[in-house]
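Shown next, in structure tokens, is the structure this report addresses.
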Amino acid sequence: MIGYGPLMSGRKLVPFTRERGIGGIDVLSMMGPMVCAVSSRLIIDIAMYFGVFVIVAMALNFQYGNAGIPNMGCAVQVIVGGFAASVFTLRAALWLAEQAGESIRPYASDYDWVYNNPYNVQYVLKDFLMERPLVGISLFLLTLAVSLIFGAAIGWVIALPAIRLRAEYLMITLITFADASQIIARNWVPLCGGTMGVYVPNVFAWYPGDRSIILAVITLIIGLVSFFIFRTMLNSPYGRLMRAIRENEMTVASVGKDVTRIRNNILVFASAIIALTGTLWAFYGSFVKDSLYQRALWTYWPWLMLILGGPGNNAGTFLGCALVILMRRLIIVYKWFFDQYLFFPISYFENILLGLFLITIMIFRPNGLIPEKLLRIPRIDYKRLVSDETPVDWRSDRDREEGSTLRIKEEEE
């Protein structure tokens, strides 16, 4: 039987026979496992992308949707989480392997740190962590803790000059911080290898299967835990205080609340949560480089997810994140299909869709697909407050006193 296989020569399909295949290989019998492998890889990839971006989008919703803080510097917190993996995890793993007697190549100078990194990670640390699962798990958990500390610290640092600014100036300042973080990472080699980048150790080398499955599951669990943390905080009195600051911060300040300190705490807490995604992303790719944490990817796309789903609503954030991630991954997978219908390079397609989605949502659905629900305080019967008739006496104090005196005299008579 003669057919046309998946191998291509230019634009023409190469014919082959069922019996001999191509080069004596039965290609059709191999396509089944290949399709299953690609499908499972795509599912894991979508799950990982959804997990990291839903954490960033929820943290952004916590800041802007509920407190009115327009954080346009999410890329700063994310890249700091990546630094936690390249600075702490890599150096700690190298030191532990050195203490265990492994033959580690020098890594003290900038040159050795970059050019000996592939050998140290791929040929030394991989075998070292493969035999010591507890060490790998401990490094992973400690890196998450360090990323929380780094994220909170950078949130506090950027809040000092920026938190007292008005919304439009705050956005410009945070965008500047995002670009500055990439410039620093690109030129300071000990952080993440400068322009070359560095590999980070596979802390799940002891797992015989695909480590990306473990990372995807852990990321989704962290996203679920973050959802419950944010929901609990927003339903608390502190959450109502955040919404009050969003609506009218002068009124909140007039009743004795320190608005600047509250906004500072919100930015610090959300920055710590966002930094976790940078660490998870570094372990997922086993590589840290400044170009992996671009402002468009980690700031503008989460903003689109938030606006699409609806600010001030975590359910809307989940929906917006799912729609955007699904759209982006399908464009990447089927880019050759879209390329034949476009008159411009496919690499511009995502950015064009970003702009179109933003304009469409702002015009037709300014409150998002799932608008914010009205705030309801537990254990308060709002129906009774609305339906009860409260008697109101609009008379002055003097008229009420005279009326009560006349009533007393009439009763005595």
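Just remember, in the structure tokens the first chain shown is A, the second B, etc., residues are 1-based per chain, and ligands are 1-based in the order shown.
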Produce a table with one row for each residue of region 46-100 of chain A that has an atom at most 9 Å from any atom of region 283-291 of chain A, each row naming the nearest atom pair and its distance in Å at one decimal; use only C-alpha atoms; arrange rows by chain and rising residue number; format as a tab-separated table.
```
residue	atom	partner	partner_atom	distance
A:Met48	CA	A:Tyr284	CA	8.4
A:Ile79	CA	A:Asp290	CA	7.4
A:Gly82	CA	A:Val288	CA	6.3
A:Phe83	CA	A:Val288	CA	7.7
A:Ala85	CA	A:Phe283	CA	7.6
A:Ser86	CA	A:Val288	CA	6.6
```
Residues just named, written with C-alpha atoms as a PDB file, in the first residue's frame:
```pdb
ATOM      1  CA  MET A  48       1.935  24.075  33.962  1.00  0.00           C
ATOM      2  CA  ILE A  79      12.433  37.123  37.940  1.00  0.00           C
ATOM      3  CA  GLY A  82      14.094  32.723  39.264  1.00  0.00           C
ATOM      4  CA  PHE A  83      17.086  34.259  41.058  1.00  0.00           C
ATOM      5  CA  ALA A  85      16.751  29.013  41.987  1.00  0.00           C
ATOM      6  CA  SER A  86      19.945  30.197  40.277  1.00  0.00           C
TER       7      SER A  86
END
```
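Residues in contact with Pro208 (chain A) at up to 12 Å, not including ones fewer than 3 positions away on its chain and judged by only C-alpha atoms, are Met130, Glu131, Pro133, Phe204, Ala205, Arg211, Ser212, Ile213 and Ile214 of chain A.
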Determine, counting only C-alpha atoms, which protein, DNA and RNA residues have an atom within 12 Å of an atom of Leu141 (chain A); residues of the same chain fewer than 6 positions away are not included. Present the result as a PyMOL selection string. chain A and resi 84-85+88-89+134-135+147-148+203-204+218+276+279-280+283
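By only C-alpha atoms, and with residues fewer than 2 positions from region 117-121 of chain A along its chain excluded, the set lying at most 7 Å from it is Ile104, Arg105, Trp113, Val114, Tyr115, Tyr123, Val124, Leu125, Lys126, Val198, Tyr199, Val200 and Pro201 of chain A.
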Quick one: write out the picked residues with N, CA and C atoms as an mmCIF file, in the first residue's frame?
```cif
data_model
loop_
_atom_site.group_PDB
_atom_site.id
_atom_site.type_symbol
_atom_site.label_atom_id
_atom_site.label_comp_id
_atom_site.auth_asym_id
_atom_site.auth_seq_id
_atom_site.Cartn_x
_atom_site.Cartn_y
_atom_site.Cartn_z
ATOM 1 N N ILE A 104 33.587 18.352 41.379
ATOM 2 C CA ILE A 104 32.961 19.561 40.857
ATOM 3 C C ILE A 104 34.017 20.428 40.187
ATOM 4 N N ARG A 105 33.704 20.906 39.006
ATOM 5 C CA ARG A 105 34.600 21.842 38.345
ATOM 6 C C ARG A 105 34.522 23.207 39.023
ATOM 7 N N TRP A 113 31.781 30.075 36.481
ATOM 8 C CA TRP A 113 30.368 29.960 36.866
ATOM 9 C C TRP A 113 29.487 29.700 35.644
ATOM 10 N N VAL A 114 29.832 30.314 34.517
ATOM 11 C CA VAL A 114 29.023 30.175 33.307
ATOM 12 C C VAL A 114 29.429 28.944 32.501
ATOM 13 N N TYR A 115 30.714 28.802 32.224
ATOM 14 C CA TYR A 115 31.142 27.787 31.257
ATOM 15 C C TYR A 115 31.310 26.390 31.875
ATOM 16 N N TYR A 123 26.253 16.441 34.556
ATOM 17 C CA TYR A 123 27.028 15.222 34.770
ATOM 18 C C TYR A 123 27.373 14.952 36.234
ATOM 19 N N VAL A 124 27.270 15.975 37.100
ATOM 20 C CA VAL A 124 27.632 15.772 38.504
ATOM 21 C C VAL A 124 26.404 15.854 39.403
ATOM 22 N N LEU A 125 25.688 16.974 39.349
ATOM 23 C CA LEU A 125 24.547 17.159 40.249
ATOM 24 C C LEU A 125 23.396 16.208 39.918
ATOM 25 N N LYS A 126 23.253 15.858 38.663
ATOM 26 C CA LYS A 126 22.168 14.936 38.301
ATOM 27 C C LYS A 126 22.344 13.588 38.990
ATOM 28 N N VAL A 198 22.128 30.175 33.112
ATOM 29 C CA VAL A 198 22.680 29.015 33.818
ATOM 30 C C VAL A 198 21.610 27.935 33.926
ATOM 31 N N TYR A 199 22.075 26.689 33.942
ATOM 32 C CA TYR A 199 21.196 25.558 34.210
ATOM 33 C C TYR A 199 21.031 25.402 35.724
ATOM 34 N N VAL A 200 19.853 24.993 36.135
ATOM 35 C CA VAL A 200 19.607 24.711 37.551
ATOM 36 C C VAL A 200 19.457 23.204 37.723
ATOM 37 N N PRO A 201 19.846 22.681 38.876
ATOM 38 C CA PRO A 201 19.800 21.220 39.054
ATOM 39 C C PRO A 201 18.382 20.682 39.051
#
```
Which residues in region 121-306 of chain A does DSSP call strand (DSSP E)? List them as a list in words.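 For region 121-306 of chain A, the strand (DSSP E) set is Val198, Tyr199, Phe287 and Val288 of chain A.
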Quick check for you: according to DSSP on this backbone, which residues of region 203-407 of chain A are classed as helix (DSSP H, G or I)? Reply as a ChimeraX atom specification. /A:211-234,237-247,249-254,259-285,290-293,295-309,314-333,335-339,346-364,382-387,397-407
Which one is closest to Ser103 (chain A): A:Asp127, A:Arg246, A:Val56, A:Phe140? Count only C-alpha atoms. A:Asp127
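Using only C-alpha atoms, the protein and nucleic acid residues lying no more than 12 Å from Leu234 (chain A), apart from those fewer than 6 places from it along its own chain, are Met58, Ala59, Asn61, Phe62, Gln63, Gly65, Asn66, Ala67, Phe227, Phe228, Arg240, Leu241, Met242, Arg243, Ala244, Ile266, Gly312, Asn313, Asn314, Leu375, Arg376 and Ile377 of chain A.
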For the residues in that selection, give me N, CA and C atoms as a PDB file, in the first residue's frame.
```
ATOM      1  N   MET A  58      -4.113  35.897  39.994  1.00  0.00           N
ATOM      2  CA  MET A  58      -4.830  36.060  41.259  1.00  0.00           C
ATOM      3  C   MET A  58      -4.147  37.084  42.159  1.00  0.00           C
ATOM      4  N   ALA A  59      -2.808  37.059  42.192  1.00  0.00           N
ATOM      5  CA  ALA A  59      -2.091  38.061  42.974  1.00  0.00           C
ATOM      6  C   ALA A  59      -2.317  39.463  42.411  1.00  0.00           C
ATOM      7  N   ASN A  61      -5.016  40.364  40.773  1.00  0.00           N
ATOM      8  CA  ASN A  61      -6.391  40.681  41.146  1.00  0.00           C
ATOM      9  C   ASN A  61      -6.475  41.114  42.604  1.00  0.00           C
ATOM     10  N   PHE A  62      -5.678  40.493  43.454  1.00  0.00           N
ATOM     11  CA  PHE A  62      -5.638  40.872  44.868  1.00  0.00           C
ATOM     12  C   PHE A  62      -5.182  42.317  45.020  1.00  0.00           C
ATOM     13  N   GLN A  63      -4.228  42.738  44.177  1.00  0.00           N
ATOM     14  CA  GLN A  63      -3.697  44.096  44.289  1.00  0.00           C
ATOM     15  C   GLN A  63      -4.584  45.126  43.591  1.00  0.00           C
ATOM     16  N   GLY A  65      -7.618  44.469  41.537  1.00  0.00           N
ATOM     17  CA  GLY A  65      -9.059  44.251  41.552  1.00  0.00           C
ATOM     18  C   GLY A  65      -9.707  44.561  42.883  1.00  0.00           C
ATOM     19  N   ASN A  66      -8.954  44.430  43.986  1.00  0.00           N
ATOM     20  CA  ASN A  66      -9.543  44.635  45.307  1.00  0.00           C
ATOM     21  C   ASN A  66      -8.966  45.826  46.058  1.00  0.00           C
ATOM     22  N   ALA A  67      -7.714  46.185  45.794  1.00  0.00           N
ATOM     23  CA  ALA A  67      -7.108  47.313  46.503  1.00  0.00           C
ATOM     24  C   ALA A  67      -6.823  48.500  45.610  1.00  0.00           C
ATOM     25  N   PHE A 227      -5.545  30.359  45.976  1.00  0.00           N
ATOM     26  CA  PHE A 227      -6.940  30.775  45.781  1.00  0.00           C
ATOM     27  C   PHE A 227      -7.669  30.845  47.115  1.00  0.00           C
ATOM     28  N   PHE A 228      -7.516  29.832  47.945  1.00  0.00           N
ATOM     29  CA  PHE A 228      -8.204  29.830  49.242  1.00  0.00           C
ATOM     30  C   PHE A 228      -7.639  30.897  50.177  1.00  0.00           C
ATOM     31  N   ARG A 240     -12.452  43.934  53.270  1.00  0.00           N
ATOM     32  CA  ARG A 240     -13.387  45.070  53.138  1.00  0.00           C
ATOM     33  C   ARG A 240     -12.637  46.398  53.240  1.00  0.00           C
ATOM     34  N   LEU A 241     -11.577  46.419  54.053  1.00  0.00           N
ATOM     35  CA  LEU A 241     -10.756  47.619  54.135  1.00  0.00           C
ATOM     36  C   LEU A 241     -10.035  47.874  52.812  1.00  0.00           C
ATOM     37  N   MET A 242      -9.576  46.808  52.149  1.00  0.00           N
ATOM     38  CA  MET A 242      -8.930  46.962  50.844  1.00  0.00           C
ATOM     39  C   MET A 242      -9.890  47.552  49.823  1.00  0.00           C
ATOM     40  N   ARG A 243     -11.122  47.057  49.806  1.00  0.00           N
ATOM     41  CA  ARG A 243     -12.099  47.587  48.854  1.00  0.00           C
ATOM     42  C   ARG A 243     -12.441  49.040  49.173  1.00  0.00           C
ATOM     43  N   ALA A 244     -12.464  49.376  50.455  1.00  0.00           N
ATOM     44  CA  ALA A 244     -12.730  50.766  50.828  1.00  0.00           C
ATOM     45  C   ALA A 244     -11.617  51.683  50.331  1.00  0.00           C
ATOM     46  N   ILE A 266       0.008  45.107  51.269  1.00  0.00           N
ATOM     47  CA  ILE A 266      -0.623  44.372  50.168  1.00  0.00           C
ATOM     48  C   ILE A 266       0.395  44.060  49.081  1.00  0.00           C
ATOM     49  N   GLY A 312     -11.562  41.954  40.529  1.00  0.00           N
ATOM     50  CA  GLY A 312     -12.272  41.817  41.790  1.00  0.00           C
ATOM     51  C   GLY A 312     -12.999  40.505  41.955  1.00  0.00           C
ATOM     52  N   ASN A 313     -12.728  39.533  41.076  1.00  0.00           N
ATOM     53  CA  ASN A 313     -13.446  38.258  41.112  1.00  0.00           C
ATOM     54  C   ASN A 313     -12.459  37.144  40.779  1.00  0.00           C
ATOM     55  N   ASN A 314     -12.174  36.276  41.761  1.00  0.00           N
ATOM     56  CA  ASN A 314     -11.221  35.189  41.528  1.00  0.00           C
ATOM     57  C   ASN A 314     -11.757  34.166  40.530  1.00  0.00           C
ATOM     58  N   LEU A 375     -20.412  43.138  47.725  1.00  0.00           N
ATOM     59  CA  LEU A 375     -19.831  42.685  48.984  1.00  0.00           C
ATOM     60  C   LEU A 375     -20.938  42.390  49.994  1.00  0.00           C
ATOM     61  N   ARG A 376     -20.884  41.212  50.577  1.00  0.00           N
ATOM     62  CA  ARG A 376     -21.858  40.811  51.597  1.00  0.00           C
ATOM     63  C   ARG A 376     -21.114  40.385  52.854  1.00  0.00           C
ATOM     64  N   ILE A 377     -21.449  41.027  53.950  1.00  0.00           N
ATOM     65  CA  ILE A 377     -20.839  40.697  55.239  1.00  0.00           C
ATOM     66  C   ILE A 377     -21.618  39.548  55.870  1.00  0.00           C
TER      67      ILE A 377
END
```
Write out as JSON, numbers by chain which residues come within 10 Å of Tyr111 (chain A) when counting only C-alpha atoms, dropping same-chain ones fewer than 4 positions away. {"A": [106, 107, 115, 116, 117, 189, 190, 193]}
